[in-house]
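Shown below: start-v9.cif, with mmCIF, C-alpha atoms.
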data_protein
#
loop_
_atom_site.label_atom_id
_atom_site.label_comp_id
_atom_site.auth_asym_id
_atom_site.auth_seq_id
_atom_site.Cartn_x
_atom_site.Cartn_y
_atom_site.Cartn_z
CA MET A 1 -3.15 -13.74 46.56
CA THR A 2 -4.64 -15.23 43.40
CA ASP A 3 -4.23 -14.15 39.82
CA SER A 4 -7.44 -12.80 38.38
CA PRO A 5 -8.18 -12.81 34.64
CA ASN A 6 -9.06 -9.14 35.07
CA ASP A 7 -5.65 -8.15 36.51
CA ILE A 8 -3.96 -5.48 34.43
CA VAL A 9 -0.65 -6.92 33.17
CA GLY A 10 0.27 -4.43 30.44
CA HIS A 11 -1.22 -2.09 27.90
CA LYS A 12 -2.39 -2.13 24.29
CA THR A 13 -1.40 0.68 21.93
CA PHE A 14 -3.66 1.85 19.12
CA ASP A 15 -3.04 4.38 16.37
CA THR A 16 -5.97 6.80 16.40
CA GLY A 17 -5.35 7.86 12.81
CA GLU A 18 -4.84 11.43 14.03
CA ARG A 19 -1.63 13.45 14.03
CA CYS A 20 -0.18 15.83 16.57
CA PRO A 21 -0.31 19.27 14.90
CA GLU A 22 3.02 20.35 16.46
CA THR A 23 5.11 17.27 15.61
CA GLY A 24 3.18 15.43 12.91
CA PHE A 25 3.62 12.20 14.87
CA PRO A 26 0.70 9.81 15.27
CA ILE A 27 -1.53 10.23 18.29
CA LEU A 28 -1.70 6.91 20.09
CA ARG A 29 -4.27 5.58 22.53
CA HIS A 30 -3.36 3.14 25.32
CA GLU A 31 -5.75 0.73 26.96
CA PRO A 32 -5.18 -1.77 29.75
CA LEU A 33 -4.23 -5.33 28.82
CA THR A 34 -5.84 -7.88 31.13
CA ARG A 35 -4.27 -11.14 32.21
CA ALA A 36 -6.93 -13.02 30.17
CA GLU A 37 -6.02 -11.03 27.01
CA GLY A 38 -2.31 -11.57 27.69
CA ASP A 39 -2.85 -15.30 28.17
CA THR A 40 -4.78 -15.45 24.87
CA LEU A 41 -1.93 -13.66 23.10
CA MET A 42 0.64 -16.05 24.61
CA VAL A 43 -1.36 -19.10 23.47
CA ALA A 44 -1.41 -17.68 19.92
CA ILE A 45 2.33 -16.89 20.03
CA GLU A 46 3.18 -20.37 21.27
CA ARG A 47 0.90 -21.95 18.62
CA ARG A 48 2.61 -19.98 15.84
CA GLN A 49 6.04 -20.97 17.19
CA LYS A 50 5.02 -24.65 17.21
CA GLU A 51 3.72 -24.32 13.62
CA ARG A 52 7.05 -22.76 12.54
CA GLU A 53 8.98 -25.55 14.24
CA GLU A 54 6.87 -28.14 12.40
CA ARG A 55 7.25 -26.39 9.01
CA MET A 56 10.94 -25.65 9.50
CA PRO A 57 12.41 -28.14 11.99
CA ASP A 58 16.04 -27.29 11.19
CA GLU A 59 18.27 -24.63 9.65
CA LYS A 60 18.17 -26.24 6.21
CA SER A 61 14.38 -26.08 6.01
CA ALA A 62 14.37 -22.48 7.31
CA ILE A 63 16.97 -21.50 4.69
CA ASP A 64 14.89 -23.22 2.01
CA ALA A 65 11.83 -21.22 3.13
CA LEU A 66 13.88 -18.01 3.03
CA PHE A 67 15.07 -18.87 -0.49
CA GLU A 68 11.51 -19.60 -1.64
CA ALA A 69 10.34 -16.24 -0.20
CA TRP A 70 13.24 -14.43 -1.90
CA LEU A 71 12.49 -16.12 -5.22
CA ARG A 72 8.78 -15.37 -5.02
CA LEU A 73 9.48 -11.71 -4.20
CA LYS A 74 11.77 -11.54 -7.25
CA GLU A 75 8.89 -12.94 -9.33
CA LEU A 76 6.70 -10.15 -7.89
CA GLY A 77 9.14 -7.44 -9.03
CA TRP A 78 11.41 -7.01 -6.00
CA SER A 79 15.22 -6.81 -6.32
CA GLU A 80 18.27 -7.04 -4.09
CA PRO A 81 18.94 -3.81 -2.18
CA GLN A 82 22.39 -3.16 -3.65
CA TYR A 83 20.68 -2.33 -6.95
CA CYS A 84 18.46 0.41 -5.48
CA PRO A 85 18.75 4.03 -6.68
CA LYS A 86 21.53 5.92 -4.95
CA ASP A 87 20.42 9.41 -5.96
CA GLY A 88 17.86 10.15 -3.23
CA THR A 89 14.97 8.53 -5.14
CA ARG A 90 12.38 7.02 -2.81
CA PHE A 91 11.41 3.37 -3.19
CA ASN A 92 9.79 0.53 -1.22
CA VAL A 93 11.76 -1.84 0.99
CA ILE A 94 11.17 -4.97 3.00
CA GLU A 95 13.35 -5.18 6.10
CA LEU A 96 14.50 -8.45 7.58
CA GLY A 97 12.58 -9.09 10.80
CA SER A 98 9.56 -7.08 9.70
CA THR A 99 6.32 -7.87 7.92
CA GLY A 100 5.79 -4.39 6.49
CA ILE A 101 6.63 -2.59 3.28
CA PHE A 102 8.25 0.79 3.96
CA ASP A 103 9.23 3.86 1.97
CA CYS A 104 12.99 4.36 1.84
CA SER A 105 15.81 6.26 0.16
CA TYR A 106 19.54 5.61 0.04
CA ASN A 107 21.57 8.57 1.29
CA GLY A 108 25.32 8.94 0.94
CA GLU A 109 28.04 7.39 -1.18
CA TRP A 110 27.78 3.68 -1.94
CA PRO A 111 28.60 1.48 -0.08
CA GLY A 112 29.04 3.63 3.02
CA GLY A 113 25.67 5.40 2.90
CA LEU A 114 22.50 4.65 4.78
CA TYR A 115 19.11 3.23 3.91
CA MET A 116 16.76 5.84 5.43
CA VAL A 117 13.48 4.09 6.18
CA GLU A 118 10.20 5.95 6.66
CA ASP A 119 7.56 4.72 9.07
CA GLN A 120 4.60 7.08 9.09
CA HIS A 121 6.23 10.43 9.96
CA ASP A 122 9.43 8.94 11.37
CA VAL A 123 12.63 8.51 9.32
CA TYR A 124 15.52 6.41 10.60
CA PRO A 125 18.56 4.54 9.30
CA THR A 126 17.60 0.89 9.28
CA SER A 127 19.13 -1.16 12.06
CA MET A 128 18.00 -4.39 10.42
CA GLY A 129 18.92 -5.35 6.92
CA ILE A 130 17.10 -4.40 3.79
CA ALA A 131 16.01 -7.69 2.28
CA MET A 132 14.52 -6.43 -0.99
CA TYR A 133 13.57 -3.19 -2.74
CA ARG A 134 11.29 -2.15 -5.58
CA LEU A 135 10.71 1.12 -7.36
CA TYR A 136 7.37 2.89 -7.12
CA PRO A 137 5.20 1.89 -10.11
CA GLU A 138 5.65 5.23 -11.90
CA ASP A 139 9.44 5.06 -11.45
CA GLU A 140 9.50 1.44 -12.64
CA ALA A 141 7.57 2.49 -15.77
CA LYS A 142 10.16 5.23 -16.44
CA ARG A 143 13.00 2.73 -15.90
CA LYS A 144 11.44 0.28 -18.35
CA GLN A 145 11.02 3.09 -20.90
CA ARG A 146 14.70 4.10 -20.53
CA MET A 147 15.75 0.44 -20.93
CA ALA A 148 13.62 0.07 -24.07
CA GLU A 149 15.12 3.27 -25.54
CA ALA A 150 18.64 2.09 -24.72
CA ALA A 151 17.94 -1.30 -26.32
CA ALA A 152 16.61 0.43 -29.45
CA ARG A 153 19.73 2.64 -29.67
CA TYR A 154 21.95 -0.42 -29.25
CA ARG A 155 20.10 -2.33 -31.99
CA ALA A 156 20.32 0.68 -34.33
CA GLU A 157 24.08 1.05 -33.71
CA ARG A 158 24.63 -2.69 -34.13
CA ASP A 159 22.61 -2.75 -37.36
CA ALA A 160 24.55 0.26 -38.68
CA GLU A 161 27.87 -1.49 -37.94
CA ASP A 162 26.65 -4.71 -39.57
CA SER A 163 25.65 -2.85 -42.76
CA ALA A 164 28.97 -1.02 -42.99
#

Structure encoded using structure tokens:
Amino acid sequence: MTDSPNDIVGHKTFDTGERCPETGFPILRHEPLTRAEGDTLMVAIERRQKEREERMPDEKSAIDALFEAWLRLKELGWSEPQYCPKDGTRFNVIELGSTGIFDCSYNGEWPGGLYMVEDQHDVYPTSMGIAMYRLYPEDEAKRKQRMAEAAARYRAERDAEDSA
């Protein structure tokens, strides 16, 4: 028995963009994955692994890359997750081990509550770690306005004390 490039070795899953009217979940389409497609995927996976090994040959270089990513995300407006709203407000998160940006809210009393992550119409407590969070733009604008008002009140009170 020989392996043929046309052998079916798995399946591919596609989001159709449609929703099930009863559940609201995405309707998915599955297609066969041939041995040739699987082999092509494995070559790409192995190439990416080799590239990572070359860029980050040891723990120190991987930690440096993680630090650089963290720092750049801070420059782009992201913050550490412990500073997220704890009042049910929704915000964006990046989870460790993922390449996506997800909607999220923190539910429960800090620090024993849960980060509830939304992925399309599914909501689940994260099993990974939240790496970073950011407010939605409109909420960030409101936060900046509140901070500016608080700073103005502080300056006014300080100036009043200095003149007294």

Produce a table with one row for each residue of region 54-86 of chain A that has an atom at most 8 Å from any atom of region 104-115 of chain A, each row naming the nearest atom pair and its distance in Å at one decimal; use all atoms listed in the file; arrange rows by chain and rising residue number; format as JSON lines.
{"residue": "A:Cys84", "atom": "CA", "partner": "A:Tyr106", "partner_atom": "CA", "distance": 7.7}
{"residue": "A:Pro85", "atom": "CA", "partner": "A:Tyr106", "partner_atom": "CA", "distance": 6.9}
{"residue": "A:Lys86", "atom": "CA", "partner": "A:Tyr106", "partner_atom": "CA", "distance": 5.4}

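Closest approach to Asp122 (chain A) among A:Leu71, A:Asn92, A:Asp139, A:Phe102 is made by A:Phe102 (distances from only C-alpha atoms).
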
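Coordinates place CA of Asp103 (chain A) at a distance of 9.8 Å from CA of Leu135 (chain A).
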
Evaluating the PyMOL selection byres ((chain A and resi 97) around 10) on the displayed file yields which residues, as a ChimeraX atom specification? /A:94-96,98-100,128-131

Å distance separating CA of Ala148 (chain A) from CA of Gly77 (chain A), one decimal place: 17.4 Å

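Comparing the minimum interatomic distances between Leu76 (chain A) and each of A:Met132, A:Met56, A:Thr89, A:Arg48, counting all atoms listed in the file, we find that A:Met132 sits nearest.
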
Hey, what's within 12 Å of Pro32 (chain A) if we count all atoms listed in the file and toss same-chain stuff fewer than 2 positions away? As a JSON list (two decimals) with C-alpha atoms, in the frame of the given file, please?
[["chain", "number", "residue", "atom", "x", "y", "z"],
["A", 6, "ASN", "CA", -9.06, -9.14, 35.07],
["A", 7, "ASP", "CA", -5.65, -8.15, 36.51],
["A", 8, "ILE", "CA", -3.96, -5.48, 34.43],
["A", 9, "VAL", "CA", -0.65, -6.92, 33.17],
["A", 10, "GLY", "CA", 0.27, -4.43, 30.44],
["A", 11, "HIS", "CA", -1.22, -2.09, 27.90],
["A", 12, "LYS", "CA", -2.39, -2.13, 24.29],
["A", 13, "THR", "CA", -1.40, 0.68, 21.93],
["A", 14, "PHE", "CA", -3.66, 1.85, 19.12],
["A", 29, "ARG", "CA", -4.27, 5.58, 22.53],
["A", 30, "HIS", "CA", -3.36, 3.14, 25.32],
["A", 34, "THR", "CA", -5.84, -7.88, 31.13],
["A", 35, "ARG", "CA", -4.27, -11.14, 32.21],
["A", 36, "ALA", "CA", -6.93, -13.02, 30.17],
["A", 37, "GLU", "CA", -6.02, -11.03, 27.01],
["A", 38, "GLY", "CA", -2.31, -11.57, 27.69]]

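Straight-line separation from CA of Pro125 (chain A) to CA of Gln82 (chain A): 15.5 Å.
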
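Each of A:Gln145, A:Gln120, A:Ser127, A:Ser163 was checked against Pro26 (chain A) using only C-alpha atoms; the smallest atom-to-atom distance is that of A:Gln120.
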
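This file gives the following result for the PyMOL selection byres ((chain A and resi 15-17) around 6): Phe14, Glu18, Ile27 and Leu28 of chain A.
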
Identify which of the residues A:Arg153, A:Arg143, A:Arg134, A:Arg19 lies closest to Tyr83 (chain A), counting only C-alpha atoms when measuring atom-to-atom distances. A:Arg134
